[in-house]
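To be precise, the following lines are input_11.cif, and they hold mmCIF, C-alpha atoms.
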data_protein
#
loop_
_atom_site.label_atom_id
_atom_site.label_comp_id
_atom_site.auth_asym_id
_atom_site.auth_seq_id
_atom_site.Cartn_x
_atom_site.Cartn_y
_atom_site.Cartn_z
CA MET A 1 -6.19 2.02 23.13
CA ARG A 2 -5.71 4.54 20.34
CA PRO A 3 -8.73 5.50 18.23
CA TYR A 4 -6.80 4.16 15.22
CA ASP A 5 -6.50 0.68 16.76
CA ALA A 6 -10.13 0.74 17.87
CA VAL A 7 -11.26 1.57 14.36
CA PHE A 8 -9.48 -1.48 12.94
CA LEU A 9 -10.73 -3.80 15.66
CA ALA A 10 -14.25 -2.54 15.05
CA LEU A 11 -13.79 -3.06 11.34
CA VAL A 12 -12.83 -6.70 11.85
CA ALA A 13 -15.58 -7.20 14.45
CA SER A 14 -18.17 -5.83 12.04
CA ARG A 15 -17.41 -8.77 9.73
CA CYS A 16 -18.41 -11.24 12.44
CA LEU A 17 -21.97 -9.92 12.59
CA ASP A 18 -24.74 -9.33 10.13
CA ARG A 19 -24.95 -5.73 9.02
CA PRO A 20 -28.05 -4.08 10.51
CA LYS A 21 -30.30 -1.88 8.42
CA ARG A 22 -29.22 1.26 10.26
CA TRP A 23 -25.56 0.33 10.46
CA TRP A 24 -24.54 3.95 9.88
CA LEU A 25 -25.68 4.82 13.42
CA VAL A 26 -22.42 3.28 14.60
CA LEU A 27 -20.70 6.36 13.17
CA LEU A 28 -22.25 8.40 15.99
CA VAL A 29 -20.52 6.32 18.67
CA PRO A 30 -17.18 8.20 18.72
CA LEU A 31 -19.08 11.50 18.97
CA LEU A 32 -21.22 10.07 21.73
CA ALA A 33 -18.17 8.81 23.61
CA TYR A 34 -16.51 12.18 23.25
CA GLY A 35 -19.61 14.05 24.36
CA ILE A 36 -20.15 11.90 27.45
CA GLY A 37 -16.42 12.05 28.26
CA CYS A 38 -16.63 15.86 28.23
CA CYS A 39 -19.58 15.91 30.64
CA GLU A 40 -18.59 13.17 33.04
CA PRO A 41 -15.21 11.89 34.31
CA PRO A 42 -14.48 8.40 32.91
CA GLY A 43 -14.23 6.79 36.36
CA ARG A 44 -17.85 7.25 37.38
CA PHE A 45 -20.83 6.86 35.10
CA ALA A 46 -19.26 7.77 31.78
CA LEU A 47 -18.28 4.24 30.68
CA PRO A 48 -21.52 2.46 31.72
CA ALA A 49 -23.60 5.30 30.31
CA THR A 50 -21.71 5.16 27.00
CA ALA A 51 -22.03 1.37 26.84
CA LEU A 52 -25.76 1.56 27.54
CA LEU A 53 -26.32 4.20 24.89
CA VAL A 54 -24.30 2.25 22.34
CA VAL A 55 -26.37 -0.88 22.93
CA VAL A 56 -29.56 1.13 22.55
CA LEU A 57 -28.26 2.92 19.44
CA VAL A 58 -26.98 -0.11 17.51
CA PRO A 59 -28.20 -3.25 19.29
CA ARG A 60 -27.18 -5.71 16.57
CA TRP A 61 -23.79 -4.09 16.15
CA ALA A 62 -23.21 -3.41 19.85
CA PRO A 63 -19.75 -5.09 19.90
CA VAL A 64 -18.66 -2.89 17.00
CA GLY A 65 -20.01 0.21 18.69
CA LEU A 66 -18.46 -0.70 22.04
CA LEU A 67 -15.05 -1.10 20.42
CA LEU A 68 -15.40 2.35 18.92
CA ALA A 69 -16.43 3.72 22.33
CA VAL A 70 -13.39 2.34 24.19
CA PRO A 71 -10.73 4.95 23.28
CA VAL A 72 -10.62 8.29 25.06
CA TYR A 73 -11.29 10.90 22.41
CA GLY A 74 -9.39 14.04 23.35
CA THR A 75 -11.02 16.40 20.89
CA LEU A 76 -14.10 16.66 18.74
CA VAL A 77 -11.91 16.49 15.63
CA GLN A 78 -10.42 13.22 16.87
CA SER A 79 -13.85 11.66 17.31
CA LEU A 80 -14.99 12.93 13.91
CA GLY A 81 -11.77 11.57 12.42
CA ALA A 82 -12.41 8.13 13.95
CA ALA A 83 -15.93 8.04 12.51
CA ALA A 84 -14.73 9.19 9.08
CA THR A 85 -11.85 6.68 9.12
CA TRP A 86 -14.21 3.84 10.02
CA LEU A 87 -16.58 4.80 7.21
CA GLY A 88 -13.79 5.10 4.64
CA LEU A 89 -12.16 1.85 5.71
CA ASP A 90 -15.49 0.04 5.70
CA VAL A 91 -16.01 0.98 2.04
CA VAL A 92 -12.43 0.16 1.01
CA PHE A 93 -12.37 -3.11 2.96
CA ASN A 94 -15.67 -4.25 1.45
CA SER A 95 -14.54 -3.49 -2.08
CA LEU A 96 -11.24 -5.30 -1.54
CA LEU A 97 -12.94 -8.40 -0.15
CA ALA A 98 -15.36 -8.40 -3.06
CA ARG A 99 -12.41 -8.71 -5.42
CA VAL A 100 -10.87 -11.67 -3.60
CA ARG A 101 -11.90 -14.84 -5.41
CA ASP A 102 -12.44 -17.40 -2.70
CA ASP A 103 -12.17 -20.30 -5.12
CA ALA A 104 -8.69 -19.14 -6.13
CA VAL A 105 -7.43 -18.58 -2.58
CA PRO A 106 -5.64 -21.61 -1.06
CA PRO A 107 -8.12 -23.57 1.10
CA ARG A 108 -6.28 -22.89 4.35
CA LEU A 109 -6.42 -19.14 3.78
CA ARG A 110 -10.05 -18.89 2.70
CA GLY A 111 -12.42 -16.82 4.81
CA TRP A 112 -11.01 -15.25 7.94
CA PRO A 113 -7.26 -15.64 7.30
CA ILE A 114 -7.38 -13.72 4.04
CA ARG A 115 -9.68 -11.08 5.56
CA LEU A 116 -7.28 -10.59 8.45
CA LEU A 117 -4.37 -10.35 6.03
CA VAL A 118 -6.12 -7.60 4.08
CA ALA A 119 -7.00 -5.78 7.33
CA ALA A 120 -3.40 -6.04 8.55
CA VAL A 121 -2.05 -4.63 5.29
CA LEU A 122 -4.48 -1.72 5.56
CA TYR A 123 -3.48 -1.19 9.20
CA TYR A 124 0.23 -0.87 8.45
CA THR A 125 -0.37 1.08 5.27
CA LEU A 126 -2.41 3.75 6.98
CA LEU A 127 -0.34 3.87 10.18
CA PRO A 128 1.62 7.01 9.13
CA LEU A 129 -1.65 8.94 8.99
CA THR A 130 -1.87 8.76 12.80
CA TRP A 131 0.84 11.43 12.80
CA LEU A 132 -1.32 13.93 10.94
CA MET B 1 -19.93 -4.25 -17.06
CA THR B 2 -20.11 -4.37 -20.82
CA THR B 3 -18.82 -7.51 -22.46
CA THR B 4 -18.53 -8.29 -26.12
CA ALA B 5 -18.83 -11.52 -28.02
CA GLY B 6 -15.90 -13.11 -29.84
CA PRO B 7 -13.98 -13.60 -32.01
CA PHE B 8 -11.04 -11.97 -30.22
CA ILE B 9 -7.61 -11.25 -31.61
CA HIS B 10 -4.69 -12.37 -29.48
CA SER B 11 -2.31 -9.53 -28.82
CA GLY B 12 0.61 -11.88 -29.05
CA GLN B 13 1.67 -11.08 -25.49
CA THR B 14 2.35 -13.91 -23.09
CA ASN B 15 3.27 -13.81 -19.43
CA ARG B 16 6.79 -14.90 -20.24
CA LYS B 17 7.22 -12.19 -22.91
CA ILE B 18 5.98 -9.50 -20.53
CA MET B 19 8.24 -10.73 -17.74
CA VAL B 20 11.25 -10.72 -20.06
CA MET B 21 10.45 -7.11 -21.00
CA VAL B 22 10.22 -6.13 -17.33
CA LEU B 23 13.44 -7.99 -16.49
CA VAL B 24 15.29 -6.21 -19.30
CA SER B 25 13.91 -2.87 -18.06
CA LEU B 26 14.85 -3.72 -14.49
CA SER B 27 18.41 -4.76 -15.29
CA PRO B 28 19.89 -1.21 -15.57
CA SER B 29 18.63 -0.45 -12.04
CA LEU B 30 20.02 -3.72 -10.65
CA LEU B 31 23.33 -3.18 -12.42
CA GLY B 32 23.47 0.44 -11.24
CA ALA B 33 22.93 -0.70 -7.65
CA VAL B 34 25.82 -3.18 -7.87
CA VAL B 35 28.12 -0.61 -9.49
CA ARG B 36 27.26 1.95 -6.82
CA HIS B 37 27.28 -0.30 -3.73
CA GLY B 38 29.51 -3.19 -4.73
CA MET B 39 29.09 -6.90 -4.24
CA GLY B 40 27.06 -6.43 -1.04
CA ALA B 41 24.24 -5.15 -3.22
CA GLY B 42 24.73 -8.11 -5.52
CA VAL B 43 24.26 -10.51 -2.63
CA VAL B 44 21.05 -8.73 -1.60
CA ILE B 45 19.69 -8.89 -5.15
CA VAL B 46 20.58 -12.55 -5.68
CA SER B 47 19.17 -13.52 -2.26
CA ALA B 48 15.86 -11.76 -2.94
CA ILE B 49 15.54 -13.40 -6.34
CA VAL B 50 16.43 -16.85 -4.99
CA GLY B 51 13.92 -16.45 -2.13
CA ALA B 52 11.19 -15.44 -4.58
CA TRP B 53 11.96 -18.23 -7.03
CA VAL B 54 12.07 -20.95 -4.37
CA ALA B 55 8.71 -19.77 -3.00
CA GLU B 56 7.27 -19.81 -6.51
CA TRP B 57 8.56 -23.33 -7.07
CA VAL B 58 7.06 -24.49 -3.77
CA PHE B 59 3.64 -22.92 -4.36
CA ASP B 60 3.22 -23.38 -8.09
CA ARG B 61 5.84 -25.25 -10.07
CA GLY B 62 3.98 -24.51 -13.29
CA GLN B 63 4.71 -20.79 -12.95
CA ALA B 64 8.25 -21.14 -11.64
CA PHE B 65 9.75 -20.66 -15.09
CA ASP B 66 7.60 -17.81 -16.43
CA GLY B 67 9.95 -15.17 -14.98
CA SER B 68 7.44 -13.52 -12.64
CA ALA B 69 9.35 -14.62 -9.53
CA LEU B 70 12.55 -13.13 -10.92
CA VAL B 71 10.77 -9.83 -11.56
CA THR B 72 9.21 -9.75 -8.08
CA GLY B 73 12.50 -10.69 -6.40
CA GLY B 74 14.40 -8.08 -8.39
CA ILE B 75 11.92 -5.32 -7.59
CA PHE B 76 11.86 -6.31 -3.93
CA ALA B 77 15.67 -6.12 -3.77
CA LEU B 78 15.48 -2.54 -5.04
CA VAL B 79 13.35 -1.47 -2.06
CA LEU B 80 15.96 -2.79 0.40
CA PRO B 81 19.00 -0.89 1.63
CA PRO B 82 22.40 -2.19 0.48
CA THR B 83 23.22 -3.13 4.08
CA ALA B 84 20.27 -5.54 4.39
CA PRO B 85 21.37 -9.04 5.45
CA TRP B 86 21.06 -11.74 2.79
CA TRP B 87 18.54 -13.77 4.79
CA LEU B 88 16.23 -10.75 5.14
CA ALA B 89 16.32 -10.27 1.37
CA MET B 90 15.62 -13.97 0.85
CA LEU B 91 12.79 -13.98 3.38
CA GLY B 92 11.30 -10.87 1.80
CA GLY B 93 11.48 -12.39 -1.68
CA ALA B 94 9.71 -15.51 -0.41
CA LEU B 95 7.07 -13.41 1.39
CA ALA B 96 6.44 -11.36 -1.71
CA ILE B 97 5.60 -14.50 -3.67
CA GLY B 98 3.95 -16.53 -0.90
CA LEU B 99 1.94 -13.86 0.85
CA GLY B 100 1.73 -11.17 -1.80
CA LYS B 101 0.86 -13.40 -4.72
CA HIS B 102 -0.18 -16.97 -3.90
CA ALA B 103 -2.21 -16.11 -0.80
CA PHE B 104 -4.58 -14.26 -3.14
CA GLY B 105 -4.73 -16.98 -5.75
CA GLY B 106 -1.55 -16.53 -7.79
CA LEU B 107 -0.49 -14.53 -10.80
CA GLY B 108 -3.02 -11.89 -11.82
CA ARG B 109 -5.15 -12.17 -8.70
CA ASN B 110 -3.10 -10.29 -6.11
CA LEU B 111 -4.68 -7.17 -4.62
CA PHE B 112 -1.42 -5.53 -3.59
CA ASN B 113 1.94 -5.18 -5.22
CA PRO B 114 3.92 -8.16 -3.84
CA ALA B 115 7.24 -6.32 -3.41
CA ALA B 116 5.64 -3.41 -1.54
CA LEU B 117 3.59 -5.82 0.56
CA ALA B 118 6.67 -7.84 1.54
CA ARG B 119 8.45 -4.66 2.59
CA VAL B 120 5.57 -3.56 4.81
CA VAL B 121 5.11 -7.05 6.31
CA LEU B 122 8.81 -7.22 7.16
CA MET B 123 8.55 -3.81 8.80
CA GLY B 124 5.78 -5.26 10.95
CA ILE B 125 7.34 -8.60 11.94
CA LEU B 126 11.00 -7.54 12.13
CA PRO B 127 10.85 -3.93 13.24
CA ALA B 128 14.36 -4.02 14.73
CA TYR B 129 15.80 -4.08 11.23
CA PHE B 130 13.67 -1.21 10.08
CA PHE B 131 13.46 1.02 13.12
CA SER B 132 17.06 0.97 14.34
CA PRO B 133 18.91 4.30 14.23
CA ALA B 134 21.10 3.11 11.38
CA TRP B 135 18.04 2.15 9.37
CA THR B 136 15.56 4.93 9.60
CA ILE B 137 11.79 4.41 9.70
CA ASP B 138 10.70 4.35 6.17
CA GLY B 139 8.17 3.21 3.65
CA LEU B 140 10.63 2.43 0.89
CA THR B 141 14.17 3.46 1.66
CA ALA B 142 16.77 3.57 4.36
CA ALA B 143 17.97 6.95 5.65
CA SER B 144 17.35 8.92 2.50
CA PRO B 145 17.84 12.51 1.39
CA LEU B 146 14.21 12.94 2.46
CA ALA B 147 15.04 12.22 6.11
CA LYS B 148 13.91 15.01 8.40
CA GLU B 149 16.93 15.00 10.67
CA SER B 150 17.90 18.15 12.48
CA GLY B 151 21.39 19.24 11.51
CA ALA B 152 21.56 17.09 8.39
CA LEU B 153 22.46 18.70 5.10
CA GLY B 154 20.42 18.63 1.93
CA PRO B 155 21.89 16.78 -1.04
CA THR B 156 23.35 18.73 -3.95
CA PHE B 157 21.98 18.56 -7.48
CA THR B 158 24.91 16.40 -8.62
CA GLU B 159 24.56 14.02 -5.68
CA LEU B 160 20.88 13.55 -6.43
CA LEU B 161 21.30 12.73 -10.09
CA SER B 162 24.31 10.48 -9.58
CA GLY B 163 22.59 8.54 -6.81
CA ASN B 164 25.37 9.51 -4.43
CA THR B 165 22.96 9.64 -1.50
CA LEU B 166 21.91 7.22 1.18
CA GLY B 167 18.89 5.15 0.43
CA SER B 168 17.65 1.90 -1.03
CA LEU B 169 19.26 0.02 -3.89
CA GLY B 170 16.66 1.52 -6.20
CA GLN B 171 17.95 4.99 -5.43
CA ALA B 172 21.54 4.13 -6.30
CA ALA B 173 21.10 4.97 -9.96
CA PRO B 174 18.08 7.18 -10.66
CA HIS B 175 19.02 7.59 -14.30
CA ALA B 176 19.07 3.77 -14.68
CA VAL B 177 15.58 3.50 -13.13
CA LEU B 178 14.40 6.23 -15.50
CA VAL B 179 15.91 4.52 -18.54
CA GLY B 180 14.39 1.18 -17.53
CA GLY B 181 11.04 2.82 -16.85
CA LEU B 182 10.98 4.59 -20.19
CA LEU B 183 11.85 1.31 -21.86
CA LEU B 184 8.86 -0.31 -20.15
CA VAL B 185 6.63 2.47 -21.45
CA ALA B 186 8.11 2.23 -24.96
CA LEU B 187 7.52 -1.53 -24.98
CA ARG B 188 3.95 -0.89 -23.82
CA ALA B 189 4.42 -3.19 -20.88
CA VAL B 190 2.95 -0.47 -18.66
CA ASP B 191 0.47 2.36 -19.19
CA TRP B 192 2.36 5.67 -19.53
CA ARG B 193 -0.45 7.50 -17.72
CA ILE B 194 0.46 6.07 -14.35
CA PRO B 195 4.13 7.10 -14.10
CA LEU B 196 3.53 10.42 -15.82
CA THR B 197 0.59 11.38 -13.60
CA TYR B 198 2.30 10.16 -10.45
CA LEU B 199 5.56 12.00 -11.07
CA ALA B 200 3.82 15.18 -12.25
CA THR B 201 1.57 15.20 -9.17
CA VAL B 202 4.52 14.59 -6.83
CA ALA B 203 6.40 17.51 -8.45
CA PHE B 204 3.34 19.76 -8.30
CA LEU B 205 2.65 18.95 -4.65
CA ALA B 206 6.31 19.48 -3.77
CA LEU B 207 5.91 23.03 -5.05
CA VAL B 208 2.57 23.93 -3.52
CA LEU B 209 2.23 22.03 -0.25
CA PRO B 210 2.86 24.18 2.81
CA GLY B 211 5.63 23.05 5.12
CA SER B 212 5.07 21.56 8.56
CA ALA B 213 6.99 21.93 11.81
CA ARG B 214 8.64 18.60 10.96
CA ILE B 215 10.28 20.16 7.91
CA GLU B 216 10.81 23.83 8.76
CA GLY B 217 13.93 24.13 10.86
CA HIS B 218 14.80 20.46 10.32
CA ALA B 219 14.99 19.87 6.61
CA PRO B 220 14.00 23.09 4.81
CA TRP B 221 15.45 21.80 1.54
CA LEU B 222 12.44 19.50 1.25
CA LEU B 223 10.20 22.52 0.57
CA GLY B 224 9.67 23.72 -2.99
CA ASN B 225 12.15 21.20 -4.35
CA PRO B 226 10.40 18.94 -6.89
CA LEU B 227 13.65 17.40 -8.15
CA LEU B 228 14.51 16.14 -4.68
CA HIS B 229 11.10 14.50 -4.33
CA LEU B 230 11.28 12.95 -7.78
CA VAL B 231 14.80 11.58 -7.52
CA GLY B 232 15.71 11.54 -3.83
CA GLY B 233 13.17 9.01 -2.60
CA GLY B 234 11.46 6.01 -4.07
CA SER B 235 9.28 7.97 -6.49
CA LEU B 236 10.88 6.79 -9.73
CA LEU B 237 10.87 3.15 -8.70
CA ALA B 238 7.29 3.40 -7.46
CA ALA B 239 6.12 5.19 -10.61
CA PHE B 240 7.51 2.73 -13.15
CA PHE B 241 7.84 -0.61 -11.37
CA LEU B 242 5.39 -0.70 -8.46
CA LEU B 243 2.36 1.42 -9.36
CA ALA B 244 2.39 0.59 -13.06
CA ASP B 245 1.99 -3.15 -12.42
CA PRO B 246 -1.09 -3.87 -14.59
CA VAL B 247 -2.44 -6.48 -12.16
CA THR B 248 -2.80 -4.06 -9.25
CA ALA B 249 -3.78 -0.97 -11.27
CA PRO B 250 -7.31 0.03 -12.34
CA PHE B 251 -8.74 -1.14 -15.66
CA SER B 252 -9.65 2.20 -17.22
CA PRO B 253 -7.37 5.04 -18.35
CA ASN B 254 -9.23 7.59 -16.24
CA GLY B 255 -9.14 5.24 -13.28
CA ARG B 256 -5.39 4.91 -13.68
CA ILE B 257 -4.96 8.66 -13.60
CA ALA B 258 -7.01 8.88 -10.39
CA PHE B 259 -5.02 5.98 -8.97
CA ALA B 260 -1.69 7.72 -9.65
CA ILE B 261 -2.95 10.98 -8.13
CA ILE B 262 -4.05 9.13 -4.97
CA ALA B 263 -0.61 7.50 -4.69
CA ALA B 264 1.18 10.83 -5.17
CA LEU B 265 -1.02 12.54 -2.58
CA TYR B 266 -0.30 9.83 -0.03
CA THR B 267 3.44 9.89 -0.79
CA MET B 268 3.64 13.64 -0.23
CA LEU B 269 1.42 13.60 2.85
CA VAL B 270 3.80 11.12 4.44
CA ARG B 271 6.88 13.07 3.37
CA PHE B 272 5.62 16.46 4.52
CA TYR B 273 3.58 15.76 7.62
CA THR B 274 4.87 12.57 9.27
CA PRO B 275 8.29 11.58 10.65
CA TYR B 276 8.64 8.94 7.90
CA PRO B 277 11.26 10.09 5.37
CA ASP B 278 9.50 8.44 2.46
CA GLY B 279 6.17 6.79 1.92
CA ALA B 280 6.33 5.59 -1.66
CA ALA B 281 5.88 1.88 -0.88
CA LEU B 282 3.08 2.62 1.57
CA ALA B 283 1.50 4.89 -1.03
CA VAL B 284 1.61 2.03 -3.51
CA LEU B 285 -0.28 -0.24 -1.12
CA PHE B 286 -2.78 2.50 -0.30
CA ALA B 287 -3.43 3.17 -3.97
CA ASN B 288 -3.74 -0.60 -4.59
CA ALA B 289 -6.38 -0.73 -1.87
CA THR B 290 -8.47 1.88 -3.67
CA VAL B 291 -8.39 0.06 -7.04
CA PRO B 292 -11.64 -1.94 -6.64
CA LEU B 293 -13.37 1.25 -5.55
CA ILE B 294 -11.97 3.19 -8.51
CA ASP B 295 -13.03 0.44 -10.92
CA ARG B 296 -16.49 0.35 -9.40
CA THR B 297 -16.84 4.12 -9.63
CA VAL B 298 -15.44 4.53 -13.13
CA LEU B 299 -16.62 1.35 -14.83
CA GLY B 300 -19.39 0.12 -12.58
CA ILE B 301 -17.86 -3.34 -12.19
CA GLY B 302 -17.93 -5.14 -8.90
CA ARG B 303 -21.36 -3.74 -8.10
CA THR B 304 -24.14 -5.92 -6.87
CA SER B 305 -26.72 -6.38 -9.59
CA GLU B 306 -30.48 -6.22 -9.09
CA ALA B 307 -30.53 -10.01 -8.91
CA GLY B 308 -28.17 -9.85 -5.97
CA LEU B 309 -25.21 -11.15 -7.96
CA VAL B 310 -21.86 -9.46 -7.79
CA GLU B 311 -20.44 -8.59 -11.19
CA PRO B 312 -17.38 -10.73 -11.68
CA TRP B 313 -13.87 -9.35 -11.66
CA THR B 314 -12.01 -10.36 -14.73
CA ARG B 315 -8.56 -9.51 -15.91
#
Target encoding structure tokens, full file:
Amino acid sequence: MRPYDAVFLALVASRCLDRPKRWWLVLLVPLLAYGIGCCEPPGRFALPATALLVVVLVPRWAPVGLLLAVPVYGTLVQSLGAAATWLGLDVVFNSLLARVRDDAVPPRLRGWPIRLLVAAVLYYTLLPLTWL
Amino acid sequence: MTTTAGPFIHSGQTNRKIMVMVLVSLSPSLLGAVVRHGMGAGVVIVSAIVGAWVAEWVFDRGQAFDGSALVTGGIFALVLPPTAPWWLAMLGGALAIGLGKHAFGGLGRNLFNPAALARVVLMGILPAYFFSPAWTIDGLTAASPLAKESGALGPTFTELLSGNTLGSLGQAAPHAVLVGGLLLVALRAVDWRIPLTYLATVAFLALVLPGSARIEGHAPWLLGNPLLHLVGGGSLLAAFFLLADPVTAPFSPNGRIAFAIIAALYTMLVRFYTPYPDGAALAVLFANATVPLIDRTVLGIGRTSEAGLVEPWTR
């Protein structure tokens, strides 16, 4: 899985769970995954060690953190980019959802469908940036 | 958010009046596309408009005669290549209205420009029509003068201004898009700050941005050529008809300037540093996505108050 895809999955997953007080710790996960990947080959203890650290770091947002830990980050810049992208998208996504008036949205699209639609639009809109 | 008490003076504008103004401004571009590409373009335009109108009639019969579906269908047709099949144009028109407008609550409540959204959705669900060799990967156009193809030749000045280049229907007659756009500004149907800032920023970035390996050796004419970036891609159409849509633009003048700069930056990033020939439609969606954030930063609306209530969005 590409870091870009992981960031979007994590973004959607974060809406399934209550936001913890120290939610920003999830931004450290890509760096953590990169750091552990540098020290240890992925086949041995790297994945369980990363998973364990993620659960300890952000217990209430562990699924979000685990999704961000799944991709193999090739460089430090890539891991920093994933964290920055997640943060930026989180802010933009929140502000967009705040503008959606649930009472105006057709009943069948209220809640998750409209959120997924907004996330999908953002996904395709930002896709060209993966070439940078 | 500061609100004032009445009485208020009605500006005299109605949805129907505004839509008529936009349709009149759009007609030179539609006519130019038919003159340039023949009846095939006419079929695409009519199909897109019919698709949009039928969707409007299905979702909200009360709005079916206010002209907004005709405007959306017409604008959507202009982001399609002249070779697009009629059913794709019709499907896109219907998606623009159904998904781009009514999914968010109808007229005035959409977060994204419906025409740009329909284009991007179609790229996602029917990639074969958008990623085939004859129809280059793109955010707004077909194989355009902005394509970074090795061995291709850059368009001449005359070709650019006459629209004698490959691309979408909206690129067939740049002067017609410009005339229609200026008419929109003169009629005050759109805020002049958005097109002016967007086009000026695109031109400025075309001059100052350093080239990438994707351009140097492949399409060197893209470097330091503001005219090509203003006329050759979807910039004019995006500036006047997509970005300037008052529903999906920020409330404040300063916010609108920031919004146009963001769109121009994204357009030029895509053109210079990705394989996509043009990114104007994607830039429109990206800029639309930043609107609530811009409004919150500039005007403070949409923030959560001390009582835990979110300030309402009003248009």
Inset, instruction - Select all residues from chain B having any atom no more than 9 Å from an atom of chain A (counting all atoms listed in the file, ignoring ligands), output as number ranges by chain. - result: B: 99, 102-106, 109-112, 117, 120-121, 123-124, 139, 269-270, 273-276, 279, 281-283, 285-286, 289-293, 296, 302, 310, 312-313
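Using all atoms listed in the file, the nearest neighbour of Pro85 (chain B) within the list B:Ala263, B:Ala206, B:Val247, B:Ile45 is B:Ile45.
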Check what the PyMOL selection byres ((chain A and resi 7) around 8) selects in the file above and give those residues as a PDB file with C-alpha atoms, keeping the file's coordinate frame.
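So the final result, stored in result-v2.pdb, reads:
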ATOM      1  CA  PRO A   3      -8.730   5.500  18.230  1.00  0.00           C
ATOM      2  CA  TYR A   4      -6.800   4.160  15.220  1.00  0.00           C
ATOM      3  CA  ASP A   5      -6.500   0.680  16.760  1.00  0.00           C
ATOM      4  CA  ALA A   6     -10.130   0.740  17.870  1.00  0.00           C
ATOM      5  CA  PHE A   8      -9.480  -1.480  12.940  1.00  0.00           C
ATOM      6  CA  LEU A   9     -10.730  -3.800  15.660  1.00  0.00           C
ATOM      7  CA  ALA A  10     -14.250  -2.540  15.050  1.00  0.00           C
ATOM      8  CA  LEU A  11     -13.790  -3.060  11.340  1.00  0.00           C
ATOM      9  CA  LEU A  67     -15.050  -1.100  20.420  1.00  0.00           C
ATOM     10  CA  LEU A  68     -15.400   2.350  18.920  1.00  0.00           C
ATOM     11  CA  ALA A  82     -12.410   8.130  13.950  1.00  0.00           C
ATOM     12  CA  THR A  85     -11.850   6.680   9.120  1.00  0.00           C
ATOM     13  CA  TRP A  86     -14.210   3.840  10.020  1.00  0.00           C
TER      14      TRP A  86
END
Legend entry - Spatial neighbours of Ser29 (chain B), max dist 8 Å, all atoms listed in the file, sep filter under 5 positions, as a PyMOL selection string: chain B and resi 78+170+172-174+176-177+180
File of the preceding selection, C-alpha atoms, as a PDB file, keeping the file's coordinate frame:
ATOM      1  CA  LEU B  78      15.480  -2.540  -5.040  1.00  0.00           C
ATOM      2  CA  GLY B 170      16.660   1.520  -6.200  1.00  0.00           C
ATOM      3  CA  ALA B 172      21.540   4.130  -6.300  1.00  0.00           C
ATOM      4  CA  ALA B 173      21.100   4.970  -9.960  1.00  0.00           C
ATOM      5  CA  PRO B 174      18.080   7.180 -10.660  1.00  0.00           C
ATOM      6  CA  ALA B 176      19.070   3.770 -14.680  1.00  0.00           C
ATOM      7  CA  VAL B 177      15.580   3.500 -13.130  1.00  0.00           C
ATOM      8  CA  GLY B 180      14.390   1.180 -17.530  1.00  0.00           C
TER       9      GLY B 180
END
Polymer residues at most 10 Å from Gln78 (chain A), only C-alpha atoms, same-chain spacing of 6 or more positions, as a short mmCIF file (atom, residue, chain, number, x, y, z; two decimals) with C-alpha atoms, in the frame of the given file:
data_model
loop_
_atom_site.label_atom_id
_atom_site.label_comp_id
_atom_site.auth_asym_id
_atom_site.auth_seq_id
_atom_site.Cartn_x
_atom_site.Cartn_y
_atom_site.Cartn_z
CA PRO A 3 -8.73 5.50 18.23
CA TYR A 4 -6.80 4.16 15.22
CA PRO A 30 -17.18 8.20 18.72
CA LEU A 31 -19.08 11.50 18.97
CA TYR A 34 -16.51 12.18 23.25
CA VAL A 72 -10.62 8.29 25.06
CA ALA A 84 -14.73 9.19 9.08
#
Inset, instruction - Neighbourhood query: residues within 10 Å of (15.1, -11.0, -5.7), file coordinates, counting all atoms listed in the file; return as an NGL selection string. - result: :B and (43-53 or 69-78 or 89-94 or 96 or 115)
Legend entry - Local residues around (-0.7, -0.3, -18.3), at most 9 Å away, using all atoms listed in the file, as a PyMOL selection string: chain B and resi 185+188-194+244-247+249-251+253+256
So which residues get picked by the PyMOL selection byres ((chain B and resi 280) around 10) here, written as a short mmCIF file (atom, residue, chain, number, x, y, z; two decimals) with C-alpha atoms, in the frame of the given file?
data_model
loop_
_atom_site.label_atom_id
_atom_site.label_comp_id
_atom_site.auth_asym_id
_atom_site.auth_seq_id
_atom_site.Cartn_x
_atom_site.Cartn_y
_atom_site.Cartn_z
CA VAL B 79 13.35 -1.47 -2.06
CA ALA B 116 5.64 -3.41 -1.54
CA ASP B 138 10.70 4.35 6.17
CA GLY B 139 8.17 3.21 3.65
CA LEU B 140 10.63 2.43 0.89
CA THR B 141 14.17 3.46 1.66
CA GLY B 233 13.17 9.01 -2.60
CA GLY B 234 11.46 6.01 -4.07
CA SER B 235 9.28 7.97 -6.49
CA LEU B 236 10.88 6.79 -9.73
CA LEU B 237 10.87 3.15 -8.70
CA ALA B 238 7.29 3.40 -7.46
CA ALA B 239 6.12 5.19 -10.61
CA LEU B 242 5.39 -0.70 -8.46
CA LEU B 243 2.36 1.42 -9.36
CA ALA B 263 -0.61 7.50 -4.69
CA ALA B 264 1.18 10.83 -5.17
CA TYR B 266 -0.30 9.83 -0.03
CA THR B 267 3.44 9.89 -0.79
CA MET B 268 3.64 13.64 -0.23
CA VAL B 270 3.80 11.12 4.44
CA ARG B 271 6.88 13.07 3.37
CA PRO B 277 11.26 10.09 5.37
CA ASP B 278 9.50 8.44 2.46
CA GLY B 279 6.17 6.79 1.92
CA ALA B 281 5.88 1.88 -0.88
CA LEU B 282 3.08 2.62 1.57
CA ALA B 283 1.50 4.89 -1.03
CA VAL B 284 1.61 2.03 -3.51
CA LEU B 285 -0.28 -0.24 -1.12
CA PHE B 286 -2.78 2.50 -0.30
#
